file query11.pdb (PDB, C-alpha atoms)
ATOM      1  CA  MET H 774     -35.426  27.778 -28.201
ATOM      2  CA  LYS H 775     -32.321  28.672 -30.223
ATOM      3  CA  ALA H 776     -30.640  29.968 -27.082
ATOM      4  CA  ARG H 777     -31.394  26.671 -25.286
ATOM      5  CA  CYS H 778     -29.983  24.614 -28.170
ATOM      6  CA  ALA H 779     -26.883  26.797 -28.227
ATOM      7  CA  LEU H 780     -26.386  26.243 -24.489
ATOM      8  CA  ILE H 781     -26.656  22.459 -24.957
ATOM      9  CA  VAL H 782     -24.053  22.577 -27.733
ATOM     10  CA  VAL H 783     -21.687  24.626 -25.551
ATOM     11  CA  LEU H 784     -22.089  22.230 -22.627
ATOM     12  CA  PHE H 785     -21.475  19.228 -24.890
ATOM     13  CA  VAL H 786     -18.313  20.743 -26.335
ATOM     14  CA  ALA H 787     -17.061  21.609 -22.848
ATOM     15  CA  VAL H 788     -17.710  18.130 -21.437
ATOM     16  CA  ALA H 789     -16.745  15.964 -24.412
ATOM     17  CA  PRO H 790     -12.933  16.368 -24.113
ATOM     18  CA  ALA H 791     -13.036  14.988 -20.561
ATOM     19  CA  PHE H 792     -14.217  11.637 -21.932
ATOM     20  CA  ALA H 793     -12.658  11.716 -25.385
ATOM     21  CA  ASP H 794      -9.671   9.609 -24.330
ATOM     22  CA  THR H 795     -11.603   7.196 -22.105
ATOM     23  CA  GLY H 796     -10.446   3.613 -22.606
ATOM     24  CA  ARG H 797      -7.137   4.350 -24.301
ATOM     25  CA  GLN H 798      -3.947   2.616 -23.233
ATOM     26  CA  VAL H 799      -1.951   4.562 -20.657
ATOM     27  CA  ASP H 800       1.480   5.763 -21.697
ATOM     28  CA  LEU H 801       4.310   4.304 -19.608
ATOM     29  CA  ASP H 802       5.882   7.744 -19.209
ATOM     30  CA  TRP H 803       2.701   9.022 -17.530
ATOM     31  CA  LEU H 804       2.708   6.071 -15.123
ATOM     32  CA  GLN H 805       6.345   6.849 -14.352
ATOM     33  CA  THR H 806       5.393  10.450 -13.603
ATOM     34  CA  ILE H 807       2.710   9.228 -11.187
ATOM     35  CA  ALA H 808       5.096   6.785  -9.513
ATOM     36  CA  PHE H 809       7.727   9.459  -8.852
ATOM     37  CA  ALA H 810       5.318  12.307  -8.040
ATOM     38  CA  THR H 811       4.607  11.012  -4.546
ATOM     39  CA  HIS H 812       8.331  11.004  -3.724
ATOM     40  CA  GLN H 813       9.364  14.242  -5.426
ATOM     41  CA  THR H 814       6.387  16.525  -4.738
ATOM     42  CA  ASP H 815       5.825  18.679  -1.644
ATOM     43  CA  TYR H 816       2.233  18.360  -0.470
ATOM     44  CA  SER H 817       0.090  18.535   2.632
ATOM     45  CA  GLY H 818      -3.536  17.544   3.065
ATOM     46  CA  THR H 819      -6.290  15.513   4.673
ATOM     47  CA  PHE H 820      -7.666  12.288   3.246
ATOM     48  CA  VAL H 821     -10.432   9.854   4.131
ATOM     49  CA  TYR H 822      -9.983   6.070   4.189
ATOM     50  CA  GLN H 823     -13.189   4.014   3.815
ATOM     51  CA  HIS H 824     -13.347   0.259   4.397
ATOM     52  CA  ASN H 825     -15.750  -2.356   5.747
ATOM     53  CA  GLY H 826     -18.373   0.289   6.432
ATOM     54  CA  ASN H 827     -15.909   2.381   8.457
ATOM     55  CA  MET H 828     -14.360   5.764   7.739
ATOM     56  CA  GLU H 829     -11.040   7.108   9.056
ATOM     57  CA  THR H 830      -9.501  10.534   8.531
ATOM     58  CA  ALA H 831      -5.785  11.273   8.432
ATOM     59  CA  ARG H 832      -3.498  14.228   7.746
ATOM     60  CA  ILE H 833      -0.308  13.821   5.722
ATOM     61  CA  THR H 834       2.630  16.155   5.072
ATOM     62  CA  HIS H 835       5.369  15.253   2.619
ATOM     63  CA  ILE H 836       8.531  17.232   1.839
ATOM     64  CA  SER H 837      11.346  16.404  -0.562
ATOM     65  CA  ASP H 838      14.619  18.313  -0.180
ATOM     66  CA  GLN H 839      18.376  17.939  -0.589
ATOM     67  CA  ASN H 840      18.416  15.488   2.325
ATOM     68  CA  GLY H 841      15.767  13.205   0.864
ATOM     69  CA  GLU H 842      12.144  12.485   1.727
ATOM     70  CA  HIS H 843      10.352  13.462   4.913
ATOM     71  CA  GLU H 844       6.798  12.512   5.733
ATOM     72  CA  LYS H 845       4.371  12.738   8.623
ATOM     73  CA  LEU H 846       1.083  10.853   8.744
ATOM     74  CA  GLU H 847      -1.271  11.309  11.688
ATOM     75  CA  SER H 848      -4.687   9.924  12.514
ATOM     76  CA  LEU H 849      -7.285  12.565  13.318
ATOM     77  CA  GLU H 850      -9.555  10.241  15.316
ATOM     78  CA  GLY H 851      -9.174   8.063  18.381
ATOM     79  CA  PRO H 852      -5.883   7.569  20.271
ATOM     80  CA  ARG H 853      -2.820   9.383  18.978
ATOM     81  CA  ARG H 854      -1.183   7.548  16.086
ATOM     82  CA  GLU H 855       1.605   9.182  14.107
ATOM     83  CA  PHE H 856       3.947   7.839  11.475
ATOM     84  CA  ILE H 857       7.109   9.849  10.783
ATOM     85  CA  ARG H 858       9.483   8.897   7.998
ATOM     86  CA  ASN H 859      12.854  10.424   7.217
ATOM     87  CA  ASN H 860      13.958   8.610   4.067
ATOM     88  CA  LYS H 861      13.865   4.961   5.156
ATOM     89  CA  GLU H 862      13.881   5.484   8.901
ATOM     90  CA  ILE H 863      10.444   5.085  10.459
ATOM     91  CA  LEU H 864       9.026   6.129  13.816
ATOM     92  CA  TRP H 865       5.557   5.228  15.053
ATOM     93  CA  TYR H 866       4.070   7.299  17.866
ATOM     94  CA  LEU H 867       1.374   5.326  19.668
ATOM     95  CA  GLY H 868      -0.612   7.023  22.425
ATOM     96  CA  ASP H 869       0.591  10.136  24.218
ATOM     97  CA  HIS H 870       3.978   8.922  25.433
ATOM     98  CA  LYS H 871       5.024   5.637  23.863
ATOM     99  CA  THR H 872       7.215   5.573  20.773
ATOM    100  CA  VAL H 873       7.958   2.512  18.703
ATOM    101  CA  GLN H 874      10.678   2.507  16.074
ATOM    102  CA  VAL H 875       9.440  -0.020  13.579
ATOM    103  CA  GLU H 876      12.295  -0.335  11.109
ATOM    104  CA  ARG H 877      15.219   1.484   9.593
ATOM    105  CA  GLN H 878      14.749   0.227   6.048
ATOM    106  CA  TYR H 879      11.179   1.132   5.131
ATOM    107  CA  SER H 880       9.975  -0.505   1.929
ATOM    108  CA  GLY H 881       6.224  -0.320   2.426
ATOM    109  CA  LYS H 882       3.444   1.099   0.283
ATOM    110  CA  SER H 883       0.757   3.513   1.424
ATOM    111  CA  PHE H 884      -1.560   6.121  -0.070
ATOM    112  CA  PRO H 885      -0.770   8.108  -2.111
ATOM    113  CA  ALA H 886       2.438   6.181  -2.890
ATOM    114  CA  LEU H 887       0.725   3.189  -4.498
ATOM    115  CA  LEU H 888       2.575   2.718  -7.781
ATOM    116  CA  PRO H 889       6.000   1.058  -7.837
ATOM    117  CA  GLU H 890       8.978   2.810  -9.364
ATOM    118  CA  GLN H 891       9.614  -0.325 -11.441
ATOM    119  CA  LEU H 892       6.580  -0.520 -13.721
ATOM    120  CA  SER H 893       7.537  -3.283 -16.148
ATOM    121  CA  ALA H 894       5.451  -5.943 -14.404
ATOM    122  CA  LEU H 895       2.208  -3.971 -14.461
ATOM    123  CA  ASN H 896       1.428  -4.555 -18.137
ATOM    124  CA  GLU H 897       2.074  -8.266 -17.670
ATOM    125  CA  ASN H 898      -0.626  -8.572 -15.028
ATOM    126  CA  TYR H 899      -3.119  -5.760 -15.699
ATOM    127  CA  LEU H 900      -4.908  -4.085 -18.594
ATOM    128  CA  ILE H 901      -4.242  -0.394 -17.963
ATOM    129  CA  ARG H 902      -6.684   2.076 -19.472
ATOM    130  CA  THR H 903      -7.768   5.663 -18.943
ATOM    131  CA  ALA H 904     -11.214   6.447 -17.541
ATOM    132  CA  GLU H 905     -13.000   9.727 -16.809
ATOM    133  CA  GLN H 906     -11.546  13.026 -15.721
ATOM    134  CA  ALA H 907     -12.774  14.473 -12.442
ATOM    135  CA  ARG H 908     -12.185  17.327 -10.030
ATOM    136  CA  ILE H 909     -11.003  16.178  -6.593
ATOM    137  CA  ALA H 910     -10.135  18.482  -3.669
ATOM    138  CA  GLY H 911     -10.098  21.373  -6.136
ATOM    139  CA  PHE H 912      -7.663  19.748  -8.599
ATOM    140  CA  ASP H 913      -8.211  18.346 -12.104
ATOM    141  CA  THR H 914      -7.466  14.621 -12.287
ATOM    142  CA  GLN H 915      -7.319  11.781 -14.799
ATOM    143  CA  ALA H 916      -8.639   8.377 -13.749
ATOM    144  CA  ILE H 917      -6.736   5.206 -14.630
ATOM    145  CA  VAL H 918      -8.089   1.661 -14.308
ATOM    146  CA  PHE H 919      -5.845  -1.343 -13.640
ATOM    147  CA  GLN H 920      -7.961  -4.332 -14.680
ATOM    148  CA  PRO H 921      -6.396  -7.692 -13.659
ATOM    149  CA  LYS H 922      -5.983 -10.410 -16.256
ATOM    150  CA  ASP H 923      -7.306 -13.051 -13.839
ATOM    151  CA  THR H 924      -9.726 -13.291 -10.900
ATOM    152  CA  LEU H 925      -7.024 -13.721  -8.251
ATOM    153  CA  ARG H 926      -6.403  -9.969  -7.837
ATOM    154  CA  TYR H 927      -8.425  -6.834  -7.407
ATOM    155  CA  THR H 928      -9.209  -4.089  -9.892
ATOM    156  CA  HIS H 929      -7.569  -0.786  -8.961
ATOM    157  CA  LYS H 930      -8.778   2.636 -10.057
ATOM    158  CA  MET H 931      -6.685   5.727  -9.368
ATOM    159  CA  TRP H 932      -7.146   9.431 -10.015
ATOM    160  CA  ALA H 933      -3.920  11.369 -10.692
ATOM    161  CA  HIS H 934      -3.435  15.152 -10.659
ATOM    162  CA  ARG H 935      -3.081  16.123 -14.307
ATOM    163  CA  ASP H 936      -0.207  18.534 -13.659
ATOM    164  CA  SER H 937       1.986  16.862 -11.029
ATOM    165  CA  GLY H 938       0.869  13.225 -11.296
ATOM    166  CA  LEU H 939       0.169  13.002  -7.554
ATOM    167  CA  LEU H 940      -2.555  10.463  -6.737
ATOM    168  CA  LEU H 941      -5.592  12.142  -5.167
ATOM    169  CA  LYS H 942      -7.954   9.181  -4.987
ATOM    170  CA  ALA H 943      -7.653   5.398  -5.120
ATOM    171  CA  VAL H 944     -10.320   2.706  -5.115
ATOM    172  CA  VAL H 945     -10.023  -1.081  -4.930
ATOM    173  CA  LEU H 946     -12.883  -2.985  -6.610
ATOM    174  CA  ASP H 947     -13.868  -6.637  -6.389
ATOM    175  CA  GLU H 948     -15.029  -8.769  -9.318
ATOM    176  CA  ARG H 949     -18.587  -7.426  -8.916
ATOM    177  CA  ARG H 950     -17.260  -3.853  -9.157
ATOM    178  CA  GLN H 951     -18.098  -3.260  -5.508
ATOM    179  CA  ILE H 952     -15.784  -0.943  -3.549
ATOM    180  CA  VAL H 953     -13.503  -2.845  -1.159
ATOM    181  CA  GLU H 954     -11.641   0.223   0.079
ATOM    182  CA  GLN H 955     -11.193   3.829  -0.939
ATOM    183  CA  TYR H 956      -8.766   6.691  -0.235
ATOM    184  CA  THR H 957      -9.740  10.267  -1.138
ATOM    185  CA  PHE H 958      -8.106  13.615  -0.465
ATOM    186  CA  ILE H 959     -10.703  16.086   0.810
ATOM    187  CA  GLN H 960      -8.258  18.971   1.325
ATOM    188  CA  LEU H 961      -4.858  19.326  -0.308
ATOM    189  CA  LYS H 962      -2.046  21.786  -0.969
ATOM    190  CA  ILE H 963       0.533  20.919  -3.631
ATOM    191  CA  GLY H 964       3.862  22.743  -3.822
ATOM    192  CA  GLY H 965       4.551  26.204  -2.518
ATOM    193  CA  ASP H 966       5.410  26.801   1.118
ATOM    194  CA  ILE H 967       4.523  23.557   2.899
ATOM    195  CA  GLU H 968       4.798  23.943   6.663
ATOM    196  CA  ARG H 969       7.326  21.563   8.209
ATOM    197  CA  THR H 970       5.427  20.089  11.114
ATOM    198  CA  GLN H 971       7.284  19.261  14.315
ATOM    199  CA  GLY H 972       9.509  16.225  14.029
ATOM    200  CA  ILE H 973       9.111  15.674  10.306
ATOM    201  CA  THR H 974      12.710  16.510   9.392
ATOM    202  CA  GLY H 975      14.438  16.178  12.728
ATOM    203  CA  GLN H 976      15.674  13.404  14.953
ATOM    204  CA  SER H 977      13.356  11.993  17.551
ATOM    205  CA  THR H 978      13.913  13.307  21.047
ATOM    206  CA  THR H 979      12.454  10.151  22.526
ATOM    207  CA  THR H 980      14.769   8.388  24.944
ATOM    208  CA  LEU H 981      16.124   4.985  24.098
ATOM    209  CA  GLN H 982      14.126   3.537  26.980
ATOM    210  CA  GLN H 983      10.948   4.606  25.207
ATOM    211  CA  GLN H 984      11.844   2.929  21.943
ATOM    212  CA  SER H 985      11.209  -0.624  20.908
ATOM    213  CA  ASN H 986      13.466  -1.493  17.995
ATOM    214  CA  PHE H 987      12.586  -4.186  15.516
ATOM    215  CA  ALA H 988      15.340  -5.558  13.330
ATOM    216  CA  THR H 989      15.094  -4.871   9.629
ATOM    217  CA  PRO H 990      15.262  -7.326   6.726
ATOM    218  CA  SER H 991      18.784  -6.185   5.869
ATOM    219  CA  GLU H 992      19.897  -6.864   9.422
ATOM    220  CA  THR H 993      18.287 -10.291   9.604
ATOM    221  CA  LEU H 994      18.944 -11.589   6.120
ATOM    222  CA  THR H 995      20.374 -15.041   6.517
ATOM    223  CA  GLN H 996      21.229 -17.894   4.209
ATOM    224  CA  THR H 997      17.929 -19.756   4.247
ATOM    225  CA  ALA H 998      17.447 -23.262   3.005
ATOM    226  CA  THR H 999      15.191 -22.322   0.137
ATOM    227  CA  ASN H1000      14.374 -25.940  -0.696
ATOM    228  CA  ASP H1001      13.026 -26.633   2.808
ATOM    229  CA  TRP H1002       9.805 -24.734   2.144
ATOM    230  CA  LYS H1003       8.107 -24.030  -1.143
ATOM    231  CA  ILE H1004       4.886 -22.304  -2.180
ATOM    232  CA  VAL H1005       3.467 -24.021  -5.216
ATOM    233  CA  ALA H1006       0.325 -21.968  -5.979
ATOM    234  CA  ILE H1007       1.465 -18.341  -6.104
ATOM    235  CA  PRO H1008      -0.687 -16.619  -8.759
ATOM    236  CA  SER H1009       0.959 -16.076 -12.120
ATOM    237  CA  GLY H1010       2.867 -12.808 -12.311
ATOM    238  CA  PHE H1011       3.787 -12.649  -8.622
ATOM    239  CA  LYS H1012       7.553 -12.733  -8.224
ATOM    240  CA  LYS H1013       9.479 -13.348  -5.021
ATOM    241  CA  ILE H1014      11.209 -10.133  -4.020
ATOM    242  CA  MET H1015      12.390 -11.065  -0.543
ATOM    243  CA  GLU H1016      13.063 -14.064   1.683
ATOM    244  CA  VAL H1017      14.310 -13.427   5.210
ATOM    245  CA  ARG H1018      14.214 -14.790   8.724
ATOM    246  CA  ARG H1019      12.646 -12.278  11.096
ATOM    247  CA  PRO H1020      13.165 -12.312  14.876
ATOM    248  CA  LEU H1021       9.886 -12.400  16.779
ATOM    249  CA  PRO H1022       9.710  -9.917  19.678
ATOM    250  CA  GLY H1023       9.799 -11.775  22.988
ATOM    251  CA  LYS H1024      10.392 -15.154  21.324
ATOM    252  CA  LYS H1025      13.475 -17.344  21.115
ATOM    253  CA  THR H1026      12.749 -18.456  17.564
ATOM    254  CA  ASP H1027      12.168 -16.503  14.386
ATOM    255  CA  ALA H1028       9.799 -16.638  11.428
ATOM    256  CA  LEU H1029      10.546 -17.325   7.792
ATOM    257  CA  HIS H1030       9.082 -14.494   5.715
ATOM    258  CA  PHE H1031       8.503 -14.598   1.935
ATOM    259  CA  VAL H1032       7.329 -11.518   0.013
ATOM    260  CA  PHE H1033       5.831 -11.694  -3.490
ATOM    261  CA  SER H1034       4.683  -8.814  -5.708
ATOM    262  CA  ASP H1035       3.039  -8.376  -9.097
ATOM    263  CA  GLY H1036       4.031  -4.706  -9.237
ATOM    264  CA  LEU H1037       0.801  -3.440  -7.667
ATOM    265  CA  ALA H1038      -0.347  -5.987  -5.072
ATOM    266  CA  GLY H1039       1.753  -7.844  -2.521
ATOM    267  CA  ILE H1040       1.530 -11.199  -0.758
ATOM    268  CA  SER H1041       3.508 -12.111   2.377
ATOM    269  CA  VAL H1042       3.900 -15.643   3.716
ATOM    270  CA  PHE H1043       5.037 -16.220   7.315
ATOM    271  CA  ILE H1044       6.114 -19.653   8.584
ATOM    272  CA  GLU H1045       6.833 -20.137  12.287
ATOM    273  CA  THR H1046       6.670 -22.844  14.906
ATOM    274  CA  LEU H1047       3.405 -23.360  16.776
ATOM    275  CA  GLY H1048       5.222 -22.902  20.078
ATOM    276  CA  ASN H1049       5.305 -19.155  19.452
ATOM    277  CA  HIS H1050       1.528 -18.850  19.667
ATOM    278  CA  PHE H1051      -0.546 -20.066  22.595
ATOM    279  CA  ASN H1052      -3.699 -18.116  21.755
ATOM    280  CA  ARG H1053      -3.423 -18.219  18.009
ATOM    281  CA  LYS H1054      -6.308 -17.170  15.784
ATOM    282  CA  LEU H1055      -6.858 -19.351  12.772
ATOM    283  CA  GLY H1056      -8.923 -18.697   9.692
ATOM    284  CA  LEU H1057      -9.613 -15.554   7.694
ATOM    285  CA  SER H1058      -9.743 -11.910   8.785
ATOM    286  CA  SER H1059      -9.888  -8.718   6.721
ATOM    287  CA  ARG H1060      -9.398  -4.974   6.800
ATOM    288  CA  GLY H1061     -10.248  -3.258   3.548
ATOM    289  CA  ALA H1062      -8.310  -4.922   0.730
ATOM    290  CA  ILE H1063      -5.904  -6.643   3.146
ATOM    291  CA  HIS H1064      -6.791 -10.246   3.982
ATOM    292  CA  VAL H1065      -5.042 -12.486   6.506
ATOM    293  CA  TYR H1066      -5.396 -16.255   6.566
ATOM    294  CA  SER H1067      -3.743 -18.512   9.166
ATOM    295  CA  LYS H1068      -3.669 -22.300   9.376
ATOM    296  CA  GLU H1069      -1.710 -24.996  11.137
ATOM    297  CA  LYS H1070       0.485 -27.342   9.169
ATOM    298  CA  GLY H1071       2.084 -29.990  11.339
ATOM    299  CA  ASP H1072       4.140 -28.212  13.991
ATOM    300  CA  TYR H1073       4.049 -24.899  12.118
ATOM    301  CA  LEU H1074       1.756 -21.916  11.771
ATOM    302  CA  ILE H1075       1.296 -20.630   8.218
ATOM    303  CA  THR H1076       0.046 -17.047   7.845
ATOM    304  CA  VAL H1077      -0.595 -15.355   4.507
ATOM    305  CA  VAL H1078      -1.236 -11.599   4.244
ATOM    306  CA  GLY H1079      -2.190 -10.108   0.909
ATOM    307  CA  GLU H1080      -3.763  -7.186  -0.956
ATOM    308  CA  VAL H1081      -5.727  -9.749  -2.937
ATOM    309  CA  PRO H1082      -9.163 -11.428  -2.704
ATOM    310  CA  PRO H1083      -9.740 -13.862   0.195
ATOM    311  CA  ARG H1084      -9.613 -16.967  -1.979
ATOM    312  CA  THR H1085      -6.125 -15.987  -3.149
ATOM    313  CA  VAL H1086      -4.564 -15.864   0.332
ATOM    314  CA  MET H1087      -6.308 -19.154   1.154
ATOM    315  CA  GLN H1088      -4.989 -20.749  -2.033
ATOM    316  CA  VAL H1089      -1.453 -19.621  -1.239
ATOM    317  CA  ALA H1090      -1.606 -20.868   2.362
ATOM    318  CA  ASP H1091      -2.946 -24.274   1.278
ATOM    319  CA  SER H1092      -0.076 -24.631  -1.195
ATOM    320  CA  VAL H1093       2.793 -24.235   1.314
ATOM    321  CA  ARG H1094       4.816 -27.444   1.334
ATOM    322  CA  TYR H1095       7.741 -28.709   3.377
ATOM    323  CA  ARG H1096      10.617 -30.575   1.739
ATOM    324  CA  GLY H1097       9.623 -34.090   0.801
ATOM    325  CA  GLN H1098       5.873 -33.465   0.996
TER     326      GLN H1098
END

call {"tool": "encode", "arguments": {"input": "query11.pdb", "output": "structure tokens"}}
result
Amino acid sequence: MKARCALIVVLFVAVAPAFADTGRQVDLDWLQTIAFATHQTDYSGTFVYQHNGNMETARITHISDQNGEHEKLESLEGPRREFIRNNKEILWYLGDHKTVQVERQYSGKSFPALLPEQLSALNENYLIRTAEQARIAGFDTQAIVFQPKDTLRYTHKMWAHRDSGLLLKAVVLDERRQIVEQYTFIQLKIGGDIERTQGITGQSTTTLQQQSNFATPSETLTQTATNDWKIVAIPSGFKKIMEVRRPLPGKKTDALHFVFSDGLAGISVFIETLGNHFNRKLGLSSRGAIHVYSKEKGDYLITVVGEVPPRTVMQVADSVRYRGQ
């Protein structure tokens, strides 16, 4: 009996520290470590993405050297899909032969690079607290919960490697605490000799005839009449970080594109003439935490894309106004 009691005491002492700091406020320096870890750490591994009852598996390799960042992301199921990034230059490989160069000034966000480098806005919009510690893909992690201060955004929970700060798991939760989407590393190597897979740090050998180039925001930034269109119901805390006119492939006209961010989630608003779309799909569609809502407004098509609940993208779309309205 004494031996059993002693074992219980030992187990309690061993487990208690993992939860001792649960619920405390997260130090800004630790968040900064997490934000930079994805860019400064060499790693290679396989992760699973779960959404809408589906599961996808992908392999990622990331290297940081004197020439900058190099990354390769490839789907392990279905048709060939590869994403290769050398600093801000992006190449998509679709299928066995076709290559599409998406943009030269990449500014997107993808797992595990989910936290922004500028963190000041996070505390304005989220309550940030520690949660449990867990072991993921063989590494010790600390969970952090980003609880929104309103119901117009999702709760985010992330597990960071306790040594490097690299995110190993990320979950988006709705207001009922149900999982909307989840990323989890199932195999991972951090640091050491990371193999440089073909193409990750070199120039593409694809011919120009095989590439389809899309102009970047910096190339298409024009002096827009900001008072022509306004969005009156952007949730509090979302700040406009970009406004550009984007050429539409195969079209003579372009689209006005607004981007808003609260530091963790993003909302994009596209405004274009109806003439660009003959078989347009209106209404709401979703993939994981990303929701798209399109509606007609006069002679224009309004499309809102956001990492926010469905009602938020609908609210934003309904609030788009033209000058004088």

call {"tool": "resolve_selection", "arguments": {"input": "query11.pdb", "expression": "the PyMOL selection byres ((chain H and resi 1015) around 7)", "output": "ChimeraX atom specification"}}
result
/H:1013-1014,1016-1017,1031-1032

call {"tool": "closest_residue", "arguments": {"input": "query11.pdb", "among": "H:Ser893, H:Thr903, H:Asn898, H:Asn860", "to": "Leu925 (chain H)", "atoms": "all atoms listed in the file"}}
result
H:Asn898

call {"tool": "closest_residue", "arguments": {"input": "query11.pdb", "among": "H:Leu1029, H:Ala1062, H:Ala907, H:Leu887", "to": "Gln823 (chain H)", "atoms": "all atoms listed in the file"}}
result
H:Ala1062

call {"tool": "closest_residue", "arguments": {"input": "query11.pdb", "among": "H:Gly841, H:Gly796, H:Gly1071, H:Pro921", "to": "Gly1010 (chain H)", "atoms": "only C-alpha atoms"}}
result
H:Pro921

call {"tool": "residues_around", "arguments": {"input": "query11.pdb", "residues": "Ser837 (chain H)", "least_positions_apart": "2", "cutoff": "7 Å", "atoms": "only C-alpha atoms", "output": "mmCIF file with C-alpha atoms, in the frame of the given file"}}
result
data_model
loop_
_atom_site.group_PDB
_atom_site.id
_atom_site.type_symbol
_atom_site.label_atom_id
_atom_site.label_comp_id
_atom_site.auth_asym_id
_atom_site.auth_seq_id
_atom_site.Cartn_x
_atom_site.Cartn_y
_atom_site.Cartn_z
ATOM 1 C CA HIS H 812 8.331 11.004 -3.724
ATOM 2 C CA GLN H 813 9.364 14.242 -5.426
ATOM 3 C CA THR H 814 6.387 16.525 -4.738
ATOM 4 C CA ASP H 815 5.825 18.679 -1.644
ATOM 5 C CA HIS H 835 5.369 15.253 2.619
ATOM 6 C CA GLY H 841 15.767 13.205 0.864
ATOM 7 C CA GLU H 842 12.144 12.485 1.727
ATOM 8 C CA HIS H 843 10.352 13.462 4.913
#

call {"tool": "closest_residue", "arguments": {"input": "query11.pdb", "among": "H:Ser1059, H:Thr830, H:Thr1026, H:Thr806", "to": "Arg854 (chain H)", "atoms": "only C-alpha atoms"}}
result
H:Thr830
